[in-house]
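Asker: I'd like to ask you about the structure that follows.
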Amino acid sequence: MNSFTSPPKDIFQNDADRTTDDGPRRAAVRNALHNYKAARTRTGATYTDWKAARSAASTIKHEAVNHLDKYLEEFERKFTARGGKVFWASNSQQAREYIVNLAKARNVRAIVKSKAMTGEEIHLNDALIAEGFGVVESDLGEFIQQLKGEAPYHFVFPCMHLRRDEISDLFHKELGTAKTNSPEELTMIARRVLRRTYVEADMGISGGNFIVADTGMISITENEGNARLTVGVPKIHVALIGIEKVVPRLGDLALLLPMLATAGTGQHLTGYNSMYGGPRQPGENDGPEEFHVVLLDNHRTRLLADPEQRDALHCIRCGACLNVCPIFKNIGGHTYGTTYQGPIGSVITPHFRGLQDWKHLSGASSLCGACTETCPVGIDIHHHLLHNRRNAAAEKPAPGEGLLWKAFTFLMRRPALYRLATRFAPLGSMLHPLIERSALDPMIAWTNTRDFPEAATKSFRQQFNAHQAAKASKNGGAK
Amino acid sequence: MRVSLFIPCFIDSLYPNVGMSMVRILERLGHTVDVPEGQTCCGQPPFNSGYWDEARSVAQNQLRAFKDAEVIVSGSGSCGSMLKVFYPELFHGREQEAEAKALSAKTWEFSEFLVNKLGVTDLGARFEGRATFHDGCHGLRELGTKQAPRELLKHVKGLELVEMGEAETCCGFGGTFAVKFPQISTAMAEVKCNSICETKADYVISNDSSCLMQIGGYLNRNVGTVKCLHLAEVLVQQ
């Protein structure tokens with residue numbers, strides 16, 4: 001179980017032991033993602049050429065990420081021209097302080113928040129609650145996770161791991177509602193709580209899916225309408241968005257919004273797609289009076305400085321790589337211990353939070369490549385896991401492992417010695433049963449759960465040599 | 001044609017029959033098979049562990065051993081992709097880059113070689129049984145091998161091929177991953193093997209023996225009735 005003193009790798013290993021042992025939960029997650037896959041396959045098939053769409057999406061993000069200076073400043077110019085405020089936060093502390101100070105300066109009491117992984121990333125709720133502000137999450141999944149006191153399980157589907165009866169029990173315990181197994185009733189319970197919250201809140205906080213440079217707008221895409229109310233009802237709005245979310249042109253969304261929906265949930269488009277260009281303008285009858293956009297770096301520029309892995313900033317946070325990842329499906333989202341779970345999280349977390357502490361996530365992959373195959377913006381995800389492994393070993397070789405690979409290399413550079421070693425493999429197989437699955441078994445990590453094949457009495461090399469000799473003598477005999 | 005086989009360490013010691021089946025198939029097709037003496041491991045274990053200097057050092061041995069090869073054929077999509085996809089990256093910007101690229105260009109996964117290089121799909125094989133096919137991830141996603149093994153199996157008389165739901169899902173082997181994170185690796189094997197069992201197949205066939213070591217290891221311990229076979233071991237049967 002989690003402990004504050006254990007290194008992240010040990011916590012990961014322990015949590016993975018526990019979660020891989022939970023068959024019913026694994027089956028439920030697998031089943032949910034099976035349905036996702038079916039929907040996505042159906043929707044994906046409606047594209048004339050998904051590969052071309054993917055390549056175009058990748059080109060857009062490549063252009064944006066490689067010209068952040070240009071496009072972010074263009075956004076700032078246009079957004080502030082309409083009275084919006086832009087704050088550039090280098091790190092999480094600056095972002096938290098800006099938002100907390102703003103809330104204090106405006107005498108805010110209650111805050112309603114729509115889904116924002118950047119908020120999770122900088123632990124914004126904790127900071128606001130510590131200062132005495134009430135914060136309510138308005139995305140249904142996030143609302144449930146907040147009641148549960150748990151981080152999101154998946155950065156698109158925050159409570160996908162929970163069964164209906166678990167949610168019902170949670171509502172019963174925290175909100176005093178009657179137990180129900182109906183999804184509609186559960187949603188209505190949350191809705192009744194939330195509708196009140198929108199009206200009472202004097203500040204709304206959201207994330208943002210895209211920052212559009214040429215119109216100076218932010219784009220929010222959602223399925224519940226909660227983000228619209230979060231932005232539209234309270235007097236003050238703050239959108240906390242990572243700098244990599246910028247795209248050059250409004251027209252780029254014609255491709256990126258449907259791709260995000262298809263890859264993320266298997267929809268053609270999400271239910272609500274909104275564009276916000278600043279506070280309420282004269283003559284308009286709704287919208288916040290103050291609109292702040294906090295542009296969050298928080299080590300994204302560290303990733304930008306790595307040309308090899310820079311494409312990880314193309315990510316539009318659709319979550320598709322989690323949905324197809326066999327590791328995610330078996331260990332679940334919380335085991336990662338990160339804001340961003342799954343393959344993309346394993347790539348970027350070492351850049352955000354330190355390579356040595358988080359390199360194990362890059363190791364915890366069979367490198368199957370399902371993530372890269374599914375990524376709608378063409379990020380080379382699984383190869384970046386390899387690159388993280390390489391960078392970690394180069395920076396600080398693991399003591400035992402470095403030596404092991406040196407010995408391995410010594411053997412593999414000497415074909416005669418390698419052939420000799422192969423000759424001894426059957427002896428190893430003969431002796432192995434004596435210690436198999438005991439503490440002395442060097443292969444215990446394998447043999448605990450799986451059989452290991454016996455070495456053949458005659459190696460391929462021996463058999464092939466015999467085969468060649470037989471052929472030669474036959475040919476010789478024929479002469 | 002002179003075909004040089006790259007024999008992965010696990011085929012050499014654990015599954016020699018896979019290598020010998022490839023030899024017999026290629027000889028029957030009239031080709032000369034050689035297995036350069038100088039070859040050892042492809043270097044993927046240190047490569048995947050992040051020890052690229054060591055991997056390069058091992059890879060250099062293979063560049064030497066296969067320098068004169070006309071074509072190189074591998075019975076493992078995983079080792080094949082090491083040679084074909086990762087050697088060029090490993091030697092990128094280095095002295096041996098051209099050599100690595102040349103080796104990459106002449107390397108083939110076994111089923112791709114038969115179908116797309118030699119243009120053969122019917123080997124006249126006969127094999128009685130119900131089987132399902134496992135796509136090794138490296139073969140599938142690094143090399144793009146999907147149809148070739150199925151084309152070959154379609155022509156095997158007596159064989160009934162049934163696709164499993166999780167054909168493209170990783171078996172959980174992943175090299176050192178299997179022992180560094182055994183709990184995750186085993187959970188993945190369980191999912192894979194349940195999907196295999198759902199097909200009621202007698203055999204699970206793959207073009208990668210490393211996956212079959214994982215699948216077979218789990219099946220033998222927990223199921224016991226489904227047998228693992230390499231594609232070559234099926235195609236050689238007459």
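Naming scheme: A, B, ... for chains in displayed order of the structure tokens; residues 1 onward per chain; ligands 1 onward as shown.
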Quick one: everything within 8 Å of Glu166 of chain B, counting only C-alpha atoms, minus sequence neighbours fewer than 5 positions away in the same chain. Send it as a PyMOL selection string.

Answerer: chain B and resi 192+195-196

Asker: Write a file of the just-selected residues containing C-alpha atoms, as a tab-separated table (two decimals), in the first residue's frame.

Answerer:
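For reference, part.tsv as written:
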chain	number	residue	atom	x	y	z
B	192	LYS	CA	-4.30	-13.80	-23.89
B	195	SER	CA	-8.95	-15.66	-25.41
B	196	ILE	CA	-7.08	-18.62	-26.93

Asker: Select, as an NGL selection string, those residues of chain B with any atom no more than 7 Å from chain A (distances computed using only C-alpha atoms).

Answerer: :B and (12-16 or 19-20 or 38-41 or 46 or 48-52 or 54 or 57-58 or 61 or 137-138 or 141 or 170 or 172-174 or 177 or 179 or 181-184 or 186-188 or 217-218 or 220-221)

Asker: Mind writing the picked residues with N, CA and C atoms as a tab-separated table (two decimals), in the first residue's frame?

Answerer:
chain	number	residue	atom	x	y	z
B	12	ASP	N	17.69	-21.38	-30.85
B	12	ASP	CA	18.88	-22.22	-30.83
B	12	ASP	C	18.82	-23.24	-29.69
B	13	SER	N	18.53	-22.76	-28.48
B	13	SER	CA	18.59	-23.65	-27.30
B	13	SER	C	17.27	-24.33	-26.96
B	14	LEU	N	16.16	-23.61	-27.13
B	14	LEU	CA	14.89	-24.12	-26.61
B	14	LEU	C	13.98	-24.69	-27.70
B	15	TYR	N	14.03	-24.09	-28.87
B	15	TYR	CA	13.11	-24.52	-29.94
B	15	TYR	C	13.84	-24.82	-31.25
B	16	PRO	N	14.84	-25.73	-31.22
B	16	PRO	CA	15.63	-25.98	-32.44
B	16	PRO	C	14.76	-26.47	-33.60
B	19	GLY	N	13.86	-23.80	-36.09
B	19	GLY	CA	14.92	-23.49	-37.04
B	19	GLY	C	15.04	-24.57	-38.10
B	20	MET	N	15.00	-25.84	-37.68
B	20	MET	CA	15.13	-26.94	-38.63
B	20	MET	C	13.95	-26.98	-39.60
B	38	GLY	N	29.17	-16.99	-37.11
B	38	GLY	CA	29.55	-15.87	-36.23
B	38	GLY	C	28.40	-15.23	-35.49
B	39	GLN	N	27.13	-15.64	-35.77
B	39	GLN	CA	26.00	-14.94	-35.17
B	39	GLN	C	25.77	-15.34	-33.71
B	40	THR	N	25.28	-14.37	-32.95
B	40	THR	CA	24.87	-14.64	-31.56
B	40	THR	C	23.49	-14.04	-31.35
B	41	CYS	N	23.34	-13.25	-30.30
B	41	CYS	CA	22.04	-12.61	-30.00
B	41	CYS	C	21.92	-11.31	-30.80
B	46	PRO	N	19.72	-6.02	-24.01
B	46	PRO	CA	20.27	-4.76	-23.47
B	46	PRO	C	19.65	-3.52	-24.12
B	48	ASN	N	16.50	-3.03	-25.12
B	48	ASN	CA	15.23	-2.72	-24.47
B	48	ASN	C	15.40	-2.30	-23.02
B	49	SER	N	16.54	-2.68	-22.43
B	49	SER	CA	16.76	-2.29	-21.04
B	49	SER	C	17.40	-0.91	-20.95
B	50	GLY	N	17.74	-0.34	-22.09
B	50	GLY	CA	18.30	1.01	-22.09
B	50	GLY	C	19.81	1.05	-22.23
B	51	TYR	N	20.43	-0.12	-22.31
B	51	TYR	CA	21.90	-0.17	-22.40
B	51	TYR	C	22.32	-0.24	-23.87
B	52	TRP	N	22.27	0.91	-24.52
B	52	TRP	CA	22.45	0.95	-25.97
B	52	TRP	C	23.90	0.76	-26.38
B	54	GLU	N	26.01	-1.29	-24.99
B	54	GLU	CA	26.17	-2.75	-24.98
B	54	GLU	C	25.43	-3.38	-26.16
B	57	SER	N	27.34	-2.91	-29.27
B	57	SER	CA	28.49	-3.79	-29.29
B	57	SER	C	28.09	-5.20	-29.75
B	58	VAL	N	26.96	-5.69	-29.24
B	58	VAL	CA	26.45	-7.00	-29.65
B	58	VAL	C	25.99	-6.94	-31.12
B	61	ASN	N	28.55	-7.39	-33.81
B	61	ASN	CA	28.87	-8.79	-34.09
B	61	ASN	C	27.99	-9.34	-35.22
B	137	CYS	N	3.65	-8.81	-31.27
B	137	CYS	CA	3.52	-7.34	-31.44
B	137	CYS	C	4.60	-6.74	-32.33
B	138	HIS	N	5.83	-7.21	-32.16
B	138	HIS	CA	6.91	-6.63	-32.96
B	138	HIS	C	6.69	-6.92	-34.44
B	141	ARG	N	3.41	-4.75	-35.43
B	141	ARG	CA	3.43	-3.28	-35.45
B	141	ARG	C	4.75	-2.66	-35.88
B	170	CYS	N	-1.10	-7.97	-26.81
B	170	CYS	CA	0.21	-8.47	-26.37
B	170	CYS	C	0.05	-9.61	-25.38
B	172	GLY	N	2.26	-10.34	-23.23
B	172	GLY	CA	2.89	-9.98	-21.95
B	172	GLY	C	4.33	-10.40	-21.82
B	173	PHE	N	4.93	-10.91	-22.89
B	173	PHE	CA	6.33	-11.34	-22.76
B	173	PHE	C	7.23	-10.11	-22.61
B	174	GLY	N	7.46	-9.41	-23.70
B	174	GLY	CA	8.23	-8.16	-23.58
B	174	GLY	C	9.64	-8.30	-23.07
B	177	PHE	N	10.91	-7.41	-19.40
B	177	PHE	CA	9.66	-6.97	-18.76
B	177	PHE	C	8.98	-8.14	-18.03
B	179	VAL	N	10.17	-10.53	-16.41
B	179	VAL	CA	10.70	-10.85	-15.07
B	179	VAL	C	10.85	-9.61	-14.19
B	181	PHE	N	8.52	-7.17	-14.20
B	181	PHE	CA	7.15	-6.91	-13.75
B	181	PHE	C	6.34	-8.19	-13.96
B	182	PRO	N	6.70	-9.26	-13.23
B	182	PRO	CA	6.07	-10.57	-13.50
B	182	PRO	C	4.57	-10.57	-13.27
B	183	GLN	N	4.11	-9.76	-12.31
B	183	GLN	CA	2.66	-9.76	-12.02
B	183	GLN	C	1.87	-9.21	-13.21
B	184	ILE	N	2.39	-8.14	-13.84
B	184	ILE	CA	1.69	-7.54	-14.99
B	184	ILE	C	1.80	-8.48	-16.18
B	186	THR	N	2.16	-11.66	-16.21
B	186	THR	CA	1.32	-12.85	-16.04
B	186	THR	C	-0.16	-12.52	-16.24
B	187	ALA	N	-0.57	-11.34	-15.76
B	187	ALA	CA	-1.97	-10.93	-15.96
B	187	ALA	C	-2.27	-10.82	-17.46
B	188	MET	N	-1.29	-10.32	-18.20
B	188	MET	CA	-1.47	-10.19	-19.65
B	188	MET	C	-1.54	-11.56	-20.30
B	217	GLY	N	4.26	-21.19	-21.52
B	217	GLY	CA	4.58	-21.25	-20.09
B	217	GLY	C	3.34	-21.10	-19.23
B	218	TYR	N	2.46	-20.20	-19.65
B	218	TYR	CA	1.22	-19.98	-18.90
B	218	TYR	C	0.23	-21.12	-19.13
B	220	ASN	N	0.82	-24.24	-20.09
B	220	ASN	CA	1.24	-25.50	-19.46
B	220	ASN	C	0.95	-25.51	-17.98
B	221	ARG	N	1.17	-24.37	-17.34
B	221	ARG	CA	0.95	-24.31	-15.89
B	221	ARG	C	-0.53	-24.33	-15.55

Asker: Counting only C-alpha atoms, what is within 6 Å of Ser74 of chain B, bar same-chain residues fewer than 3 positions away, as a list of chain:residue names?

Answerer: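 My list of contacting residues is B:Phe6, B:Gly80, B:Glu109, B:Phe110.
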